[in-house]
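Below: one structure, written as C-alpha cells.
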Amino acid sequence: MEYIETEIVGVYILEPKVFKDQRGYFFESYRQEDFDKHVGKTLFVQDNESKSCRGVLRGLHYQKGEYSQAKLVRVIKGCVLDVAVDLRKSSPTFGKYVMVELSEENKRQLFIPRGFAHGFLVVSDEAVFTYKVDNVYAPQAEAGIAYDDPDIGISWPIDSNEVIVSEKDRKNIAFKDAELFD
C-alpha cells in the first residue's frame, strides 16, 4: 500500500498494490499496523456502506465535538468524486478542500481525519461506497454544510439542477454559520 499525503496535512490517499490474473484480482485493503505507521494510530469501530445512482451528492457531513469522526472511505462499485473540507480553525488550510476520484478501477481510498466535513458526488451510473469510522454515529452531534457554499467553492462537475440531494442535505447551513473545530 502506498500512502500519499495530499496538500492538506492529515488527509491521505491510499493506493493498494493490486494483483491481477485470469481469475480476477486480489489486494489488501487495510492493515492496522501499516496504517498506524503511515497515518497514525486510529481505531476504527464501525463500517458503513451506501448505494447511490448517478448525480447523487451526499454531504457535506460531519459530527461535532467529542463525536467527531475520522473516516477511511472507498468505492467498491462505480466512481465518485470524494471531497474533504478542512474545518479546523487553527489549520493553515482552514476552509480548503481536497477532491479525489475514487473508483472500482483505481481502488484508491481516502483517509479523512477528525475536523473535516465530507461529501461525494456519484459520477457513474451507480456507486457502492463504503467507509470505516473511528467513532459511532451520534445523531445529536451530526451537522452539515451546504455542498454549494460559495465560501468553500467546490468545483463539482455537474449542473446544480442535475444534482440529487436529500431533503436533509438541502437544509445544510452555510460554512460561515457552521460550528467548527478549534
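Going through the C-alpha cells in order, the chains are called A, B, and so on, while each chain numbers its residues from 1 and the ligands are numbered from 1 in the order shown.
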
TODO: Run DSSP on the backbone of this structure and report the residues of chain A it assigns to strand (DSSP E or B), as number ranges by chain.
DONE: A: 2-5, 12-15, 19-21, 24-26, 46-53, 56-63, 71-77, 79-86, 88, 97-103, 109-112, 116-122, 126-133, 142-145, 164, 173, 181

Open item on the list: So that I can check the surroundings of A:Asp159, please list as a ChimeraX atom specification every protein, DNA and RNA residue that reaches within 12 Å of it, counting only C-alpha atoms and ignoring chain neighbours fewer than 2 positions away.
Closed with: /A:55-57,121,148,155-157,161-164

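Rounded to one decimal, atom CA of A:Phe129 and atom CA of A:Asn48 lie 8.3 Å from each other.
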
TODO: May I have the residues within 8 Å of A:Val85 as number ranges by chain, using only C-alpha atoms and disregarding those fewer than 5 positions away in the same chain?
DONE: A: 95-98, 116-118

Open item on the list: For a quick check of understanding, using only C-alpha atoms, which of A:Gly119, A:Pro113, A:Gly65, A:Gly144 has the smallest distance to A:Val80?
Closed with: A:Gly119

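Atom to atom, atom CA of A:Lys132 and atom CA of A:Asp82 stand 14.7 Å apart.
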
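Put simply, atom CA of A:Gln32 is 24.8 Å away from atom CA of A:Met99.
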
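With only C-alpha atoms as the basis for measurement, A:Gln63 is the residue among A:Ser160, A:Gln140, A:Gln63, A:Asn135 that approaches A:Glu179 most closely.
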
- [ ] Among the residues of stretch 35-157 of chain A, find those DSSP assigns to alpha helix (DSSP H) from the backbone and print them as number ranges by chain.
- [x] A: 35-38

Export of prior selection with N, CA and C atoms as a PDB file, in the first residue's frame:
ATOM      1  N   PHE A  35      -1.240   1.008   8.548  1.00  0.00           N
ATOM      2  CA  PHE A  35      -1.986   2.261   8.638  1.00  0.00           C
ATOM      3  C   PHE A  35      -1.439   3.121   9.781  1.00  0.00           C
ATOM      4  N   ASP A  36      -1.274   2.518  10.956  1.00  0.00           N
ATOM      5  CA  ASP A  36      -0.762   3.251  12.120  1.00  0.00           C
ATOM      6  C   ASP A  36       0.628   3.830  11.850  1.00  0.00           C
ATOM      7  N   LYS A  37       1.453   3.083  11.137  1.00  0.00           N
ATOM      8  CA  LYS A  37       2.823   3.524  10.843  1.00  0.00           C
ATOM      9  C   LYS A  37       2.830   4.744   9.911  1.00  0.00           C
ATOM     10  N   HIS A  38       1.964   4.751   8.904  1.00  0.00           N
ATOM     11  CA  HIS A  38       1.988   5.821   7.901  1.00  0.00           C
ATOM     12  C   HIS A  38       1.059   6.993   8.200  1.00  0.00           C
TER      13      HIS A  38
END

Contacts of A:Ala174 within 8 Å, only C-alpha atoms, excl. fewer than 6 positions in-chain, as a compact mmCIF listing (two decimals) with N, CA and C atoms, in the first residue's frame:
# COMPACT_ATOMS: atom_id res chain seq x y z
N ILE A 145 -22.83 21.12 6.02
CA ILE A 145 -22.58 22.39 5.34
C ILE A 145 -23.07 22.24 3.91
N ALA A 146 -23.65 23.28 3.37
CA ALA A 146 -24.17 23.24 2.00
C ALA A 146 -23.08 22.86 1.01
N ASP A 149 -21.71 25.79 -1.10
CA ASP A 149 -21.37 27.02 -0.39
C ASP A 149 -20.30 27.80 -1.15

Task: For stretch 19-27 of chain A: contacts at 12 Å, only C-alpha atoms, fewer than 4 positions along chain excluded, given as a ChimeraX atom specification - done: /A:1,15,31,104-108

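Closest to A:Gln69 among A:Leu110, A:Leu14, A:Ile8, A:Ala138 is A:Ala138, based on only C-alpha atoms.
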
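Each of A:Ile112, A:Val165, A:Leu72, A:Val11 was checked against A:Arg54 using only C-alpha atoms; the smallest atom-to-atom distance is that of A:Val165.
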